[in-house]
$ cat data.cif   # mmCIF, C-alpha atoms and all ligand atoms
data_work
loop_
_atom_site.label_atom_id
_atom_site.label_comp_id
_atom_site.auth_asym_id
_atom_site.auth_seq_id
_atom_site.Cartn_x
_atom_site.Cartn_y
_atom_site.Cartn_z
CA MET P 14 58.61 44.84 222.05
CA THR P 15 58.55 41.60 224.07
CA GLU P 16 60.34 41.46 227.41
CA ARG P 17 62.80 38.96 225.95
CA THR P 18 63.68 41.18 222.99
CA GLU P 19 64.13 44.12 225.35
CA ASN P 20 66.46 42.09 227.58
CA ASP P 21 68.44 40.87 224.56
CA MET P 22 68.82 44.44 223.34
CA LYS P 23 69.89 45.61 226.79
CA ARG P 24 72.48 42.85 226.99
CA ALA P 25 73.82 43.77 223.55
CA LEU P 26 74.02 47.43 224.57
CA HIS P 27 75.89 46.51 227.77
CA GLN P 28 78.38 44.50 225.75
CA VAL P 29 79.02 47.42 223.41
CA MET P 30 79.34 49.95 226.22
CA ALA P 31 81.53 47.59 228.24
CA SER P 32 83.87 46.95 225.33
CA ILE P 33 84.27 50.72 224.79
CA VAL P 34 84.90 51.49 228.47
CA ARG P 35 87.26 48.51 228.86
CA ARG P 36 89.61 49.99 226.27
CA ILE P 37 90.23 53.14 228.33
CA PRO P 38 93.70 52.83 229.93
CA ASP P 39 93.68 53.36 233.70
CA ASP P 40 96.00 56.37 233.61
CA ARG P 41 93.69 58.00 231.08
CA PHE P 42 90.56 57.33 233.13
CA ASP P 43 92.26 58.53 236.30
CA ARG P 44 92.68 62.00 234.78
CA ALA P 45 89.11 62.58 235.95
CA PHE P 46 90.42 62.68 239.52
CA PRO P 47 92.52 65.30 241.34
CA PRO P 48 96.30 64.62 241.02
CA ARG P 49 96.69 63.55 244.66
CA TRP P 50 94.14 60.76 244.14
CA ARG P 51 95.51 59.72 240.74
CA ALA P 52 98.87 58.90 242.21
CA CYS P 53 97.50 56.12 244.43
CA SER P 54 95.23 54.57 241.83
CA ALA P 55 97.22 51.39 241.17
CA ARG P 56 97.13 50.49 244.84
CA HIS P 57 93.75 51.74 246.01
CA TRP P 58 91.24 51.98 243.12
CA THR P 59 89.70 49.18 241.06
CA PRO P 60 91.38 48.89 237.64
CA VAL P 61 89.12 49.66 234.65
CA GLU P 62 89.16 46.07 233.37
CA VAL P 63 88.13 44.67 236.75
CA ALA P 64 85.39 47.28 237.23
CA VAL P 65 83.89 46.51 233.81
CA CYS P 66 83.88 42.78 234.52
CA ALA P 67 82.30 43.27 237.96
CA ALA P 68 79.64 45.57 236.50
CA LEU P 69 78.76 43.02 233.79
CA TRP P 70 78.49 40.26 236.38
CA PHE P 71 76.14 42.41 238.43
CA ALA P 72 74.01 43.10 235.34
CA GLU P 73 73.98 39.48 234.17
CA SER P 74 73.06 38.20 237.62
CA GLY P 75 70.03 40.53 237.74
CA ALA P 76 71.26 43.09 240.30
CA ARG P 77 69.77 46.59 240.04
CA ARG P 78 71.21 48.66 242.90
CA ILE P 79 74.76 48.14 244.05
CA LEU P 80 76.52 49.48 247.13
CA ASP P 81 80.29 49.93 246.77
CA VAL P 82 81.52 49.55 250.34
CA GLY P 83 84.33 52.10 250.70
CA SER P 84 83.96 53.76 247.31
CA GLY P 85 87.12 55.87 247.36
CA VAL P 86 87.33 58.19 244.39
CA GLY P 87 84.26 56.52 242.84
CA LYS P 88 86.00 54.61 240.07
CA MET P 89 83.99 51.39 240.41
CA CYS P 90 80.64 53.18 240.58
CA ILE P 91 81.37 55.49 237.65
CA ILE P 92 82.64 52.70 235.40
CA GLY P 93 79.70 50.51 236.44
CA ALA P 94 77.27 53.28 235.50
CA LEU P 95 79.03 53.84 232.17
CA ALA P 96 79.10 50.16 231.22
CA THR P 97 75.57 49.18 232.36
CA ASP P 98 72.18 50.72 233.14
CA LEU P 99 72.44 49.80 236.84
CA GLU P 100 72.49 52.18 239.80
CA PHE P 101 75.65 52.38 241.90
CA VAL P 102 75.93 54.03 245.29
CA GLY P 103 79.25 54.42 247.05
CA VAL P 104 79.69 54.88 250.79
CA GLU P 105 82.98 56.47 251.76
CA HIS P 106 84.24 57.87 255.08
CA ARG P 107 86.67 60.45 253.64
CA ALA P 108 84.92 63.69 252.68
CA SER P 109 87.56 64.71 250.13
CA LEU P 110 87.13 61.41 248.25
CA VAL P 111 83.36 61.79 248.21
CA GLU P 112 83.74 65.26 246.75
CA ALA P 113 86.17 64.00 244.06
CA ALA P 114 83.85 61.09 243.23
CA ARG P 115 80.82 63.36 242.83
CA GLU P 116 82.74 65.71 240.54
CA ALA P 117 84.03 62.84 238.38
CA ALA P 118 80.53 61.33 238.12
CA GLU P 119 79.26 64.69 236.81
CA LEU P 120 82.17 64.87 234.37
CA PHE P 121 81.12 61.51 232.90
CA SER P 122 77.42 62.51 233.02
CA VAL P 123 76.45 59.56 235.22
CA GLY P 124 75.64 61.50 238.39
CA ASP P 125 72.06 60.14 238.30
CA ARG P 126 73.26 56.51 238.59
CA ALA P 127 76.57 56.91 240.41
CA SER P 128 76.08 58.71 243.70
CA PHE P 129 78.11 58.89 246.88
CA ALA P 130 77.34 59.11 250.58
CA HIS P 131 79.78 60.50 253.09
CA ALA P 132 79.56 58.01 255.95
CA SER P 133 81.27 55.15 257.63
CA VAL P 134 79.77 51.88 256.47
CA ASP P 135 78.81 50.91 260.03
CA GLY P 136 76.58 53.99 260.26
CA PHE P 137 75.04 53.58 256.82
CA ASP P 138 71.68 51.96 256.06
CA ALA P 139 72.56 49.16 253.64
CA SER P 140 68.98 47.97 253.15
CA GLY P 141 67.54 48.70 249.72
CA PHE P 142 70.56 47.28 247.88
CA ASP P 143 70.47 43.94 246.09
CA ALA P 144 74.23 43.78 245.58
CA PHE P 145 77.51 44.75 247.26
CA TYR P 146 81.01 45.35 245.96
CA PHE P 147 84.10 45.03 248.15
CA TYR P 148 87.59 45.88 246.99
CA ASN P 149 89.51 45.18 250.17
CA PRO P 150 87.97 48.27 251.82
CA PHE P 151 89.43 47.79 255.29
CA GLY P 152 92.94 46.61 254.36
CA GLU P 153 94.35 50.09 254.84
CA ASN P 154 93.89 49.69 258.60
CA LEU P 155 96.71 47.16 258.57
CA HIS P 156 99.13 49.26 256.48
CA VAL P 157 102.01 51.19 257.95
CA PRO P 158 100.92 54.87 258.33
CA SER P 159 103.13 56.02 255.41
CA GLU P 160 101.05 53.82 253.08
CA SER P 161 97.64 55.10 254.11
CA LEU P 162 95.61 57.47 251.95
CA ASP P 163 95.71 60.17 254.65
CA SER P 164 95.25 60.54 258.38
CA SER P 165 91.78 62.10 258.30
CA VAL P 166 90.01 58.99 259.62
CA GLU P 167 90.51 56.51 262.43
CA LEU P 168 92.75 53.65 261.29
CA GLY P 169 94.20 50.65 263.07
CA HIS P 170 93.68 47.07 264.07
CA GLU P 171 90.68 47.76 266.29
CA ARG P 172 88.91 49.62 263.52
CA TYR P 173 89.73 46.80 261.12
CA MET P 174 88.15 44.17 263.38
CA ARG P 175 85.06 46.33 263.88
CA ASP P 176 84.57 47.03 260.17
CA VAL P 177 85.11 43.43 259.08
CA ARG P 178 82.65 42.27 261.74
CA HIS P 179 80.10 44.81 260.54
CA ALA P 180 80.53 43.73 256.89
CA LYS P 181 79.94 40.11 257.85
CA GLU P 182 76.77 41.07 259.73
CA MET P 183 75.59 43.09 256.75
CA LEU P 184 75.99 40.06 254.48
CA ARG P 185 74.38 37.77 257.04
CA ASP P 186 71.36 40.08 257.33
CA ALA P 187 70.98 40.63 253.56
CA PRO P 188 68.01 38.97 251.86
CA VAL P 189 68.19 35.82 249.75
CA GLY P 190 69.22 36.72 246.19
CA THR P 191 71.81 39.31 247.30
CA ARG P 192 74.89 39.34 245.01
CA VAL P 193 78.34 40.14 246.32
CA VAL P 194 81.42 40.77 244.22
CA THR P 195 84.79 40.72 245.94
CA TYR P 196 88.25 41.68 244.68
CA HIS P 197 91.02 41.06 247.20
CA GLY P 198 88.22 40.15 249.62
CA PHE P 199 87.01 42.21 252.57
CA GLY P 200 89.03 40.72 255.41
CA GLY P 201 86.57 38.01 256.42
CA ARG P 202 84.87 34.98 254.96
CA VAL P 203 81.67 35.41 253.01
CA PRO P 204 79.13 33.92 255.46
CA LYS P 205 77.46 30.57 254.92
CA GLY P 206 74.31 30.81 252.88
CA TYR P 207 76.17 32.23 249.85
CA PHE P 208 77.53 30.18 246.99
CA LEU P 209 80.35 31.10 244.67
CA ASP P 210 78.71 31.64 241.29
CA ARG P 211 81.66 32.89 239.22
CA ALA P 212 85.35 33.52 239.66
CA GLU P 213 87.99 34.78 237.30
CA ARG P 214 91.58 35.75 237.80
CA ILE P 215 92.10 39.35 236.62
CA GLY P 216 95.09 41.55 237.35
CA THR P 217 96.40 40.96 240.85
CA ASP P 218 93.62 38.73 242.26
CA ALA P 219 90.50 36.71 241.54
CA LEU P 220 87.24 38.53 241.04
CA ARG P 221 84.43 36.54 242.67
CA LEU P 222 80.65 36.69 242.47
CA TRP P 223 78.70 35.25 245.40
CA VAL P 224 74.94 34.81 245.53
CA LYS P 225 72.90 34.34 248.67
CA TYR P 226 70.59 31.35 248.48
CA HIS P 227 69.65 30.74 252.09
CA THR P 228 69.06 32.85 255.17
CA ASP P 229 70.04 30.30 257.79
CA THR P 230 73.64 30.21 258.83
CA PRO P 231 74.08 26.42 258.56
CA ASN P 232 74.23 24.93 255.09
CA ASP P 233 70.96 23.16 254.31
CA GLY P 234 72.63 21.02 251.65
CA ALA P 235 70.70 22.61 248.78
CA LYS P 236 73.79 24.35 247.41
CA PRO P 237 77.44 23.76 248.14
CA VAL P 238 79.02 26.31 250.42
CA VAL P 239 82.57 27.03 249.35
CA ASP P 240 85.38 28.92 250.96
CA ASP P 241 86.52 32.28 249.71
CA ASP P 242 89.65 30.54 248.43
CA ASP P 243 87.82 28.23 246.03
CA ARG P 244 87.87 29.01 242.34
CA SER P 245 85.63 28.20 239.40
CA ASP P 246 85.69 29.36 235.81
CA GLY P 247 83.60 32.39 235.06
CA ALA P 248 85.17 34.05 232.07
CA CYS P 249 84.22 37.70 231.78
CA ALA P 250 82.08 38.31 228.73
C1 LIG Z 301 90.78 49.95 248.48
S1 LIG Z 301 89.81 51.42 248.41
C2 LIG Z 301 88.58 50.91 247.21
C3 LIG Z 301 87.87 52.07 246.55
C4 LIG Z 301 86.77 51.70 245.56
N1 LIG Z 301 85.84 50.76 246.12
C5 LIG Z 301 87.35 51.14 244.29
O1 LIG Z 301 87.20 49.93 244.11
O2 LIG Z 301 87.94 51.86 243.49
C6 LIG Z 301 88.93 51.36 249.95
C7 LIG Z 301 88.19 52.62 250.32
O3 LIG Z 301 87.35 52.32 251.43
C8 LIG Z 301 87.28 53.43 252.28
N2 LIG Z 301 86.88 52.94 253.62
C9 LIG Z 301 87.61 52.16 254.45
N3 LIG Z 301 86.91 51.86 255.57
C10 LIG Z 301 85.70 52.46 255.42
C11 LIG Z 301 84.54 52.53 256.25
N4 LIG Z 301 84.47 51.90 257.43
N5 LIG Z 301 83.48 53.24 255.82
C12 LIG Z 301 83.53 53.90 254.62
N6 LIG Z 301 84.61 53.88 253.81
C13 LIG Z 301 85.68 53.16 254.19
C14 LIG Z 301 88.68 54.03 252.21
O4 LIG Z 301 88.69 55.39 252.57
C15 LIG Z 301 89.03 53.80 250.73
O5 LIG Z 301 88.68 54.91 249.98
#

$ encode --input "data.cif" --output "structure tokens"
Amino acid sequence: MTERTENDMKRALHQVMASIVRRIPDDRFDRAFPPRWRACSARHWTPVEVAVCAALWFAESGARRILDVGSGVGKMCIIGALATDLEFVGVEHRASLVEAAREAAELFSVGDRASFAHASVDGFDASGFDAFYFYNPFGENLHVPSESLDSSVELGHERYMRDVRHAKEMLRDAPVGTRVVTYHGFGGRVPKGYFLDRAERIGTDALRLWVKYHTDTPNDGAKPVVDDDDRSDGACA
């Protein structure tokens, strides 16, 4: 089989898998998680439709190994592994969420391509990934305490500033070609050197795919640098 035929077949398989997964209603999918983590799904976990779209964008843009920054109950990683043949790793600072994510990944038989590390992102080695996913991971720091997931980790404005700064540095240090998908952003601007490749409004926000084209901070004029607020059409297949 030629490489092209193999890629065409892979793409067709992704489309079939994605269309099957996309039809699963969120409340149905969330049954894979313990009741306490189901209840906060609408607010804290990526909806199925958004996760499928993000996973397809990663696959179509050539990513192979994706880090979900603040992976929660693992919904993005598990759906990504179901809908594509990519590898997803989640880093999550709450031990109980990591445990729930690992159990759910086993339930869906994707534990080999959806794995989870118990760590804070600022203490995690993010090299070895060619793509990152951010679903507003640090926003909880700015919530009133009654709206947080629990009180098992440090939360607050100081933590927020630290984590956002670290995420920016991570993106700044990432190699050319790195893909980043954001949904509700990450609290900061995607650094210069990335261009907005696709954007589509889904659910409560725009899903955006950024690709790094240059290592230097200043724009060299080769590609337009756009703000996180800019939009372009990028209909999800
Ligand atoms: C909005 S949820 C998104 C969960 C998952 N990415 C998804 O899309 O379904 C953000 C998650 O990030 C985690 N988180 C926040 N700050 C973190 C940090 N510094 N290191 C690791 N995890 C973090 C929270 O515990 C929470 O589970």

$ residues_near_ligand --input "data.cif" --ligand "ligand LIG 301 (chain Z)" --cutoff "7 Å" --atoms "only C-alpha atoms and all ligand atoms" --output "PDB file with C-alpha atoms, in the frame of the given file"
ATOM      1  CA  HIS P  57      93.750  51.740 246.010  1.00  0.00           C
ATOM      2  CA  TRP P  58      91.240  51.980 243.120  1.00  0.00           C
ATOM      3  CA  THR P  59      89.700  49.180 241.060  1.00  0.00           C
ATOM      4  CA  ASP P  81      80.290  49.930 246.770  1.00  0.00           C
ATOM      5  CA  VAL P  82      81.520  49.550 250.340  1.00  0.00           C
ATOM      6  CA  GLY P  83      84.330  52.100 250.700  1.00  0.00           C
ATOM      7  CA  SER P  84      83.960  53.760 247.310  1.00  0.00           C
ATOM      8  CA  GLY P  85      87.120  55.870 247.360  1.00  0.00           C
ATOM      9  CA  VAL P  86      87.330  58.190 244.390  1.00  0.00           C
ATOM     10  CA  GLY P  87      84.260  56.520 242.840  1.00  0.00           C
ATOM     11  CA  LYS P  88      86.000  54.610 240.070  1.00  0.00           C
ATOM     12  CA  MET P  89      83.990  51.390 240.410  1.00  0.00           C
ATOM     13  CA  VAL P 104      79.690  54.880 250.790  1.00  0.00           C
ATOM     14  CA  GLU P 105      82.980  56.470 251.760  1.00  0.00           C
ATOM     15  CA  HIS P 106      84.240  57.870 255.080  1.00  0.00           C
ATOM     16  CA  ARG P 107      86.670  60.450 253.640  1.00  0.00           C
ATOM     17  CA  LEU P 110      87.130  61.410 248.250  1.00  0.00           C
ATOM     18  CA  ALA P 132      79.560  58.010 255.950  1.00  0.00           C
ATOM     19  CA  SER P 133      81.270  55.150 257.630  1.00  0.00           C
ATOM     20  CA  VAL P 134      79.770  51.880 256.470  1.00  0.00           C
ATOM     21  CA  ASP P 135      78.810  50.910 260.030  1.00  0.00           C
ATOM     22  CA  PHE P 147      84.100  45.030 248.150  1.00  0.00           C
ATOM     23  CA  TYR P 148      87.590  45.880 246.990  1.00  0.00           C
ATOM     24  CA  ASN P 149      89.510  45.180 250.170  1.00  0.00           C
ATOM     25  CA  PRO P 150      87.970  48.270 251.820  1.00  0.00           C
ATOM     26  CA  PHE P 151      89.430  47.790 255.290  1.00  0.00           C
ATOM     27  CA  ASP P 176      84.570  47.030 260.170  1.00  0.00           C
TER      28      ASP P 176
END

$ atom_distance --input "data.cif" --atom1 "CA of Ala144 in chain P" --atom2 "CA of Arg77 in chain P"
7.6 Å

$ closest_residue --input "data.cif" --among "P:Arg41, P:Lys23, P:Arg126, P:Arg202" --to "Leu80 in chain P" --atoms "all atoms listed in the file"
P:Arg126

$ atom_distance --input "data.cif" --atom1 "CA of Glu182 in chain P" --atom2 "CA of Glu153 in chain P"
20.4 Å

$ closest_residue --input "data.cif" --among "P:Leu209, P:Ala219, P:Val61, P:Leu95" --to "Gln28 in chain P" --atoms "only C-alpha atoms"
P:Leu95

$ closest_residue --input "data.cif" --among "P:Thr97, P:Asp186, P:Ala68, P:Ala31" --to "Asp138 in chain P" --atoms "all atoms listed in the file"
P:Asp186

$ atom_distance --input "data.cif" --atom1 "CA of Arg192 in chain P" --atom2 "CA of Ala94 in chain P"
17.0 Å

$ residues_around --input "data.cif" --residues "range 45-53 of chain P" --least-positions-apart "6" --cutoff "12 Å" --atoms "only C-alpha atoms" --output "list in words"
Asp39, Thr59, Pro60, Gly85, Val86, Gly87, Lys88, Ile91, Ile92, Ser109, Leu110, Val111, Glu112, Ala113, Ala114, Arg115, Glu116, Ala117, Ala118, Glu119, Leu120, Phe121, Glu160, Ser161, Leu162 and Asp163 of chain P

$ closest_residue --input "data.cif" --among "P:His170, P:His227, P:Arg221, P:His156" --to "His197 in chain P" --atoms "all atoms listed in the file"
P:Arg221

$ closest_residue --input "data.cif" --among "P:Ile215, P:Val177, P:Gly198, P:Gly93" --to "Gly124 in chain P" --atoms "all atoms listed in the file"
P:Gly93

$ residues_near_point --input "data.cif" --point "(97.4, 47.0, 237.7)" --cutoff "7 Å" --atoms "all atoms listed in the file" --output "compact mmCIF listing (two decimals) with C-alpha atoms, in the coordinates of the input"
# COMPACT_ATOMS: atom_id res chain seq x y z
CA ALA P 55 97.22 51.39 241.17
CA PRO P 60 91.38 48.89 237.64
CA GLY P 216 95.09 41.55 237.35
CA THR P 217 96.40 40.96 240.85

$ residues_near_point --input "data.cif" --point "(88.7, 44.9, 263.1)" --cutoff "10 Å" --atoms "only C-alpha atoms" --output "list of chain:residue names"
P:Phe151, P:Gly152, P:Asn154, P:Leu155, P:Leu168, P:Gly169, P:His170, P:Glu171, P:Arg172, P:Tyr173, P:Met174, P:Arg175, P:Asp176, P:Val177, P:Arg178, P:His179, P:Gly200, P:Gly201

$ closest_residue --input "data.cif" --among "P:Leu184, P:Glu213, P:Phe145, P:Thr195" --to "Tyr226 in chain P" --atoms "all atoms listed in the file"
P:Leu184

$ build_atoms --input "data.cif" --residues "range 132-144 of chain P" --atoms "N, CA and C atoms" --output "mmCIF file, in the coordinates of the input"
data_model
loop_
_atom_site.group_PDB
_atom_site.id
_atom_site.type_symbol
_atom_site.label_atom_id
_atom_site.label_comp_id
_atom_site.auth_asym_id
_atom_site.auth_seq_id
_atom_site.Cartn_x
_atom_site.Cartn_y
_atom_site.Cartn_z
ATOM 1 N N ALA P 132 79.889 58.704 254.698
ATOM 2 C CA ALA P 132 79.560 58.010 255.950
ATOM 3 C C ALA P 132 80.514 56.851 256.142
ATOM 4 N N SER P 133 80.560 56.393 257.373
ATOM 5 C CA SER P 133 81.270 55.150 257.630
ATOM 6 C C SER P 133 80.251 54.030 257.390
ATOM 7 N N VAL P 134 80.718 52.935 256.858
ATOM 8 C CA VAL P 134 79.770 51.880 256.470
ATOM 9 C C VAL P 134 78.965 51.381 257.675
ATOM 10 N N ASP P 135 79.552 51.431 258.877
ATOM 11 C CA ASP P 135 78.810 50.910 260.030
ATOM 12 C C ASP P 135 77.700 51.856 260.485
ATOM 13 N N GLY P 136 77.668 53.069 259.919
ATOM 14 C CA GLY P 136 76.580 53.990 260.260
ATOM 15 C C GLY P 136 75.670 54.218 259.070
ATOM 16 N N PHE P 137 75.776 53.377 258.072
ATOM 17 C CA PHE P 137 75.040 53.580 256.820
ATOM 18 C C PHE P 137 73.975 52.504 256.679
ATOM 19 N N ASP P 138 72.774 52.921 256.238
ATOM 20 C CA ASP P 138 71.680 51.960 256.060
ATOM 21 C C ASP P 138 71.880 51.211 254.730
ATOM 22 N N ALA P 139 72.238 49.941 254.849
ATOM 23 C CA ALA P 139 72.560 49.160 253.640
ATOM 24 C C ALA P 139 71.344 48.380 253.124
ATOM 25 N N SER P 140 70.159 48.653 253.700
ATOM 26 C CA SER P 140 68.980 47.970 253.150
ATOM 27 C C SER P 140 68.617 48.695 251.850
ATOM 28 N N GLY P 141 67.909 48.040 250.973
ATOM 29 C CA GLY P 141 67.540 48.700 249.720
ATOM 30 C C GLY P 141 68.562 48.447 248.612
ATOM 31 N N PHE P 142 69.580 47.655 248.905
ATOM 32 C CA PHE P 142 70.560 47.280 247.880
ATOM 33 C C PHE P 142 70.417 45.774 247.619
ATOM 34 N N ASP P 143 70.522 45.387 246.360
ATOM 35 C CA ASP P 143 70.470 43.940 246.090
ATOM 36 C C ASP P 143 71.855 43.395 245.752
ATOM 37 N N ALA P 144 72.871 44.249 245.876
ATOM 38 C CA ALA P 144 74.230 43.780 245.580
ATOM 39 C C ALA P 144 75.257 44.657 246.296
#
